[in-house]
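Since the structure comes first, as structure tokens, the remarks are kept for the end.
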Amino acid sequence: MNLYQRIRDHSRAEHLPDGTTVYLRPLRDSDLEHANEFFAALSERTRYLRFMAPMPQLTKETLGDLIRAMYESRSAVVVATFEHADRREELIGGGRIVPAGRRGTCEFALTIVDRWQGRGVGGVLMREVIRRARLLGYRRIEGYVLNVNAGMLAVAQHARMNLRVDPDDPGVITVYRALYPFVRG
Ligand SMILES: CC(C)(COP(=O)(O)OP(=O)(O)OC[C@H]1O[C@@H](n2cnc3c(N)ncnc32)[C@H](O)[C@@H]1OP(=O)(O)O)[C@@H](O)C(=O)NCCC(=O)NCCS
């Protein structure tokens with residue numbers, strides 16, 4: 001993908017604390033061809049934290065969720081880098097928003113590939129997901145996080161989310177915040 005295509009796809013550049021530039025853009029049809037590859041590269045731990053259950057392969061249901069999110073006003077976003085010597089694009093993370101089944105509320109999920117975790121990509125992606133949720137008109141965003149997932153809980157707290165232990169399952173924490181249309185995220 002060249003600079004022209006990047007602009008056409010509304011890609012936005014962000015800088016990580018170590019100075020690396022990453023690009024945020026909507027998920028595209030062509031990315032789905034690489035969905036299995038992206039998933040296969042994730043460690044067992046990352047998959048477990050993301051899906052809160054062992055997930056040996058990408059299921060039709062998860063892929064279906066992603067496709068729906070993509071067509072629902074581009075509510076799926078990826079983070080890419082061009083750090084390779086040949087300047088090819090590498091997808092290093094993805095986030096998606098789906099309606100939560102309650103009026104005005106959406107549910108988010110994030111995944112960063114293992115070798116990029118802990119470098120600030122999750123924080124950048126979280127802010128983008130919140131920005132998009134607000135643009136889509138949601139008034140509340142929430143996510144479900146295992147209580148052992150210190151990384152996601154830290155990202156949520158940085159994004160000024162509240163934390164609530166699920167009364168039916170103390171192992172799961174709901175992270176949530178209100179989205180006011182004109183308040184900066
Ligand atoms: C959770 C996840 C999205 C976080 O993204 P990330 O890129 O690793 O996180 P960042 O580097 O942006 O970290 C943001 C903050 O969290 C802290 N953090 C990150 N990982 C941490 C960990 N394992 N323990 C404690 N704090 C952690 C960082 O120190 C940073 O805080 P700081 O700015 O005060 O230094 C990513 O690790 C991931 O994909 N994990 C597996 C899948 C998953 O858990 N998805 C979430 C389900 S909703």
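Each chain in the structure tokens gets a letter, A, B, ..., in the order shown, and its residues are numbered from 1; ligands are numbered from 1 in order too.
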Margin query: Counting only C-alpha atoms and all ligand atoms, what are the residues, protein, DNA or RNA alike, that approach ligand 1 to within 8 Å? I want them as a PyMOL selection string.
Written below: chain A and resi 45-51+93+108-114+116-126+143-146+149-155+158
I need the residues from that last selection saved to file as a CSV table (one decimal), in the first residue's frame (with N, CA and C atoms), if you can.
```csv
chain,number,residue,atom,x,y,z
A,45,ARG,N,-1.6,-17.8,24.9
A,45,ARG,CA,-2.0,-16.8,26.0
A,45,ARG,C,-2.8,-15.6,25.5
A,46,THR,N,-2.3,-15.1,24.4
A,46,THR,CA,-3.0,-13.9,23.8
A,46,THR,C,-4.4,-14.3,23.4
A,47,ARG,N,-4.5,-15.4,22.7
A,47,ARG,CA,-5.9,-15.9,22.3
A,47,ARG,C,-6.8,-16.1,23.5
A,48,TYR,N,-6.2,-16.7,24.5
A,48,TYR,CA,-7.0,-17.0,25.7
A,48,TYR,C,-7.5,-15.7,26.4
A,49,LEU,N,-6.6,-14.7,26.5
A,49,LEU,CA,-7.0,-13.4,27.1
A,49,LEU,C,-8.0,-12.7,26.2
A,50,ARG,N,-7.9,-12.8,24.9
A,50,ARG,CA,-8.8,-12.1,24.0
A,50,ARG,C,-10.2,-12.8,24.1
A,51,PHE,N,-10.2,-14.1,24.0
A,51,PHE,CA,-11.5,-14.8,23.9
A,51,PHE,C,-12.0,-15.4,25.2
A,93,GLY,N,-2.1,-5.3,14.9
A,93,GLY,CA,-3.2,-5.3,15.9
A,93,GLY,C,-4.6,-5.0,15.3
A,108,PHE,N,-16.4,-3.5,22.9
A,108,PHE,CA,-15.1,-3.5,22.1
A,108,PHE,C,-14.3,-4.7,22.5
A,109,ALA,N,-13.4,-5.0,21.6
A,109,ALA,CA,-12.3,-6.0,21.9
A,109,ALA,C,-11.1,-5.6,21.1
A,110,LEU,N,-9.9,-5.8,21.7
A,110,LEU,CA,-8.6,-5.4,21.1
A,110,LEU,C,-7.7,-6.6,21.0
A,111,THR,N,-6.9,-6.7,20.0
A,111,THR,CA,-5.8,-7.7,20.0
A,111,THR,C,-4.6,-7.1,19.4
A,112,ILE,N,-3.5,-7.3,20.1
A,112,ILE,CA,-2.2,-6.8,19.6
A,112,ILE,C,-1.3,-8.1,19.5
A,113,VAL,N,-0.6,-8.2,18.4
A,113,VAL,CA,0.3,-9.4,18.2
A,113,VAL,C,1.4,-9.4,19.2
A,114,ASP,N,1.8,-10.6,19.7
A,114,ASP,CA,2.6,-10.7,20.8
A,114,ASP,C,3.9,-9.8,20.8
A,116,TRP,N,4.5,-7.1,19.6
A,116,TRP,CA,4.3,-5.7,19.7
A,116,TRP,C,3.6,-5.3,21.0
A,117,GLN,N,3.3,-6.3,21.8
A,117,GLN,CA,2.6,-5.9,23.1
A,117,GLN,C,3.6,-5.2,24.0
A,118,GLY,N,3.0,-4.3,24.9
A,118,GLY,CA,3.8,-3.6,25.8
A,118,GLY,C,4.6,-2.4,25.3
A,119,ARG,N,4.3,-2.0,24.0
A,119,ARG,CA,5.0,-0.9,23.4
A,119,ARG,C,4.1,0.4,23.2
A,120,GLY,N,2.9,0.3,23.7
A,120,GLY,CA,2.0,1.4,23.6
A,120,GLY,C,0.9,1.3,22.5
A,121,VAL,N,1.0,0.2,21.7
A,121,VAL,CA,0.0,0.0,20.6
A,121,VAL,C,-1.4,-0.1,21.1
A,122,GLY,N,-1.6,-0.9,22.2
A,122,GLY,CA,-2.9,-1.1,22.8
A,122,GLY,C,-3.5,0.2,23.2
A,123,GLY,N,-2.7,1.1,23.8
A,123,GLY,CA,-3.3,2.4,24.2
A,123,GLY,C,-3.7,3.2,23.0
A,124,VAL,N,-2.9,3.2,22.0
A,124,VAL,CA,-3.3,4.0,20.8
A,124,VAL,C,-4.6,3.4,20.1
A,125,LEU,N,-4.6,2.1,20.1
A,125,LEU,CA,-5.8,1.4,19.5
A,125,LEU,C,-7.1,1.7,20.4
A,126,MET,N,-6.9,1.7,21.7
A,126,MET,CA,-8.0,1.9,22.6
A,126,MET,C,-8.6,3.3,22.3
A,143,GLY,N,-16.4,-3.5,27.7
A,143,GLY,CA,-15.6,-4.7,27.3
A,143,GLY,C,-15.5,-5.6,28.5
A,144,TYR,N,-15.3,-6.9,28.2
A,144,TYR,CA,-15.2,-7.9,29.2
A,144,TYR,C,-13.7,-8.4,29.3
A,145,VAL,N,-13.1,-8.3,30.5
A,145,VAL,CA,-11.7,-8.6,30.6
A,145,VAL,C,-11.5,-9.6,31.8
A,146,LEU,N,-10.6,-10.6,31.5
A,146,LEU,CA,-10.3,-11.5,32.6
A,146,LEU,C,-9.5,-10.7,33.7
A,149,ASN,N,-5.8,-10.2,33.4
A,149,ASN,CA,-5.3,-9.5,32.2
A,149,ASN,C,-4.9,-8.1,32.6
A,150,ALA,N,-3.7,-8.0,33.3
A,150,ALA,CA,-3.2,-6.7,33.8
A,150,ALA,C,-3.0,-5.7,32.7
A,151,GLY,N,-2.6,-6.2,31.5
A,151,GLY,CA,-2.3,-5.3,30.4
A,151,GLY,C,-3.6,-4.6,29.9
A,152,MET,N,-4.7,-5.3,29.7
A,152,MET,CA,-5.9,-4.7,29.3
A,152,MET,C,-6.5,-3.8,30.3
A,153,LEU,N,-6.4,-4.3,31.6
A,153,LEU,CA,-6.9,-3.4,32.7
A,153,LEU,C,-6.2,-2.1,32.8
A,154,ALA,N,-4.9,-2.2,32.5
A,154,ALA,CA,-4.1,-0.9,32.5
A,154,ALA,C,-4.5,0.0,31.4
A,155,VAL,N,-4.7,-0.6,30.2
A,155,VAL,CA,-5.1,0.2,29.0
A,155,VAL,C,-6.4,0.8,29.3
A,158,HIS,N,-6.1,3.7,31.7
A,158,HIS,CA,-5.5,4.9,31.0
A,158,HIS,C,-6.6,5.6,30.2
```
Checklist line | Members of stretch 150-182 of chain A assigned strand (DSSP E or B) by DSSP, as a ChimeraX atom specification | finding: /A:162-166,169-178
Skip A:Leu163 itself and residues of its chain fewer than 3 positions away, then list as a compact mmCIF listing (two decimals) with C-alpha atoms, in the first residue's frame all residues within 8 Å of it, counting only C-alpha atoms.
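Written output follows (part-v4.txt):
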```txt
# COMPACT_ATOMS: atom_id res chain seq x y z
CA ILE A 173 -14.23 -7.53 34.94
CA THR A 174 -16.46 -5.23 32.92
CA VAL A 175 -14.64 -2.08 31.83
CA TYR A 176 -16.87 0.75 30.68
```
Item checked: Members of stretch 11-152 of chain A assigned helix (DSSP H, G or I) by DSSP, as a count of residues only -> 51
Note to self: When you look at A:Arg140 with a cut-off of 7 Å (counting only C-alpha atoms), what residues show up, excluding the ones that are within fewer than 6 positions of it in the same chain? I need them as an MDAnalysis selection string.
What the structure shows: chainID A and resid 104:106 177:179
Write the selection just made, keeping N, CA and C atoms, as a compact mmCIF listing (two decimals), in the first residue's frame?
```
# COMPACT_ATOMS: atom_id res chain seq x y z
N GLY A 104 -27.66 2.32 22.43
CA GLY A 104 -26.57 3.27 22.62
C GLY A 104 -25.28 2.68 23.19
N THR A 105 -25.24 1.37 23.38
CA THR A 105 -24.05 0.76 23.99
C THR A 105 -23.34 -0.16 23.00
N CYS A 106 -22.02 -0.04 22.97
CA CYS A 106 -21.25 -0.97 22.13
C CYS A 106 -20.24 -1.71 22.99
N ARG A 177 -17.19 3.01 30.00
CA ARG A 177 -17.25 4.46 30.21
C ARG A 177 -18.33 5.06 29.34
N ALA A 178 -18.78 6.22 29.78
CA ALA A 178 -19.76 6.96 28.99
C ALA A 178 -19.02 7.68 27.87
N LEU A 179 -19.72 7.91 26.76
CA LEU A 179 -19.12 8.63 25.63
C LEU A 179 -19.98 9.87 25.37
```
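Minimum atom-to-atom distance to A:Tyr138, evaluated using only C-alpha atoms, belongs to A:Ala100 out of A:Arg12, A:Asp168, A:Ala156, A:Ala100.
Between atom CA of A:Thr20 and atom CA of A:Glu107 there is a distance of 28.7 Å.
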Checklist line | Spatial neighbours of A:Ala76, max dist 8 Å, only C-alpha atoms, sep filter under 5 positions, as a PyMOL selection string | finding: chain A and resi 26-27+66+69-70+94-97
Next item on the list: For A:Ser11, list every protein, DNA or RNA residue within 8 Å, evaluated using only C-alpha atoms, and leave out those in the same chain fewer than 5 positions away; present the list as a ChimeraX atom specification.
Entry: /A:6,23-26
Could the residues in this selection be written to a file with N, CA and C atoms, as an mmCIF file, in the first residue's frame?
```cif
data_model
loop_
_atom_site.group_PDB
_atom_site.id
_atom_site.type_symbol
_atom_site.label_atom_id
_atom_site.label_comp_id
_atom_site.auth_asym_id
_atom_site.auth_seq_id
_atom_site.Cartn_x
_atom_site.Cartn_y
_atom_site.Cartn_z
ATOM 1 N N ARG A 6 -2.947 4.973 1.377
ATOM 2 C CA ARG A 6 -3.083 5.182 2.815
ATOM 3 C C ARG A 6 -4.024 6.356 3.094
ATOM 4 N N TYR A 23 0.093 3.129 11.947
ATOM 5 C CA TYR A 23 -1.015 3.693 11.175
ATOM 6 C C TYR A 23 -2.311 2.991 11.563
ATOM 7 N N LEU A 24 -3.334 3.777 11.750
ATOM 8 C CA LEU A 24 -4.647 3.234 12.109
ATOM 9 C C LEU A 24 -5.544 3.399 10.901
ATOM 10 N N ARG A 25 -6.189 2.331 10.495
ATOM 11 C CA ARG A 25 -7.095 2.429 9.339
ATOM 12 C C ARG A 25 -8.222 1.417 9.481
ATOM 13 N N PRO A 26 -9.324 1.629 8.760
ATOM 14 C CA PRO A 26 -10.408 0.651 8.839
ATOM 15 C C PRO A 26 -9.976 -0.698 8.264
#
```
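Distance check against A:Leu42 using only C-alpha atoms: of A:Ile67, A:Ala13, A:Ile92, A:Val22, the minimum falls on A:Ile92.
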Margin query: Considering only C-alpha atoms, can you say which of A:Arg164, A:His10, A:His34, A:Arg115 comes closest to A:Glu142?
Written below: A:Arg164
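Taking only C-alpha atoms into account, A:Asp29 lies nearest to A:Arg68 out of the set A:Arg68, A:Thr59, A:His15, A:Val172.
Pairwise distance (atom CA of A:Val78, atom CA of A:Arg127) equals 12.6 Å.
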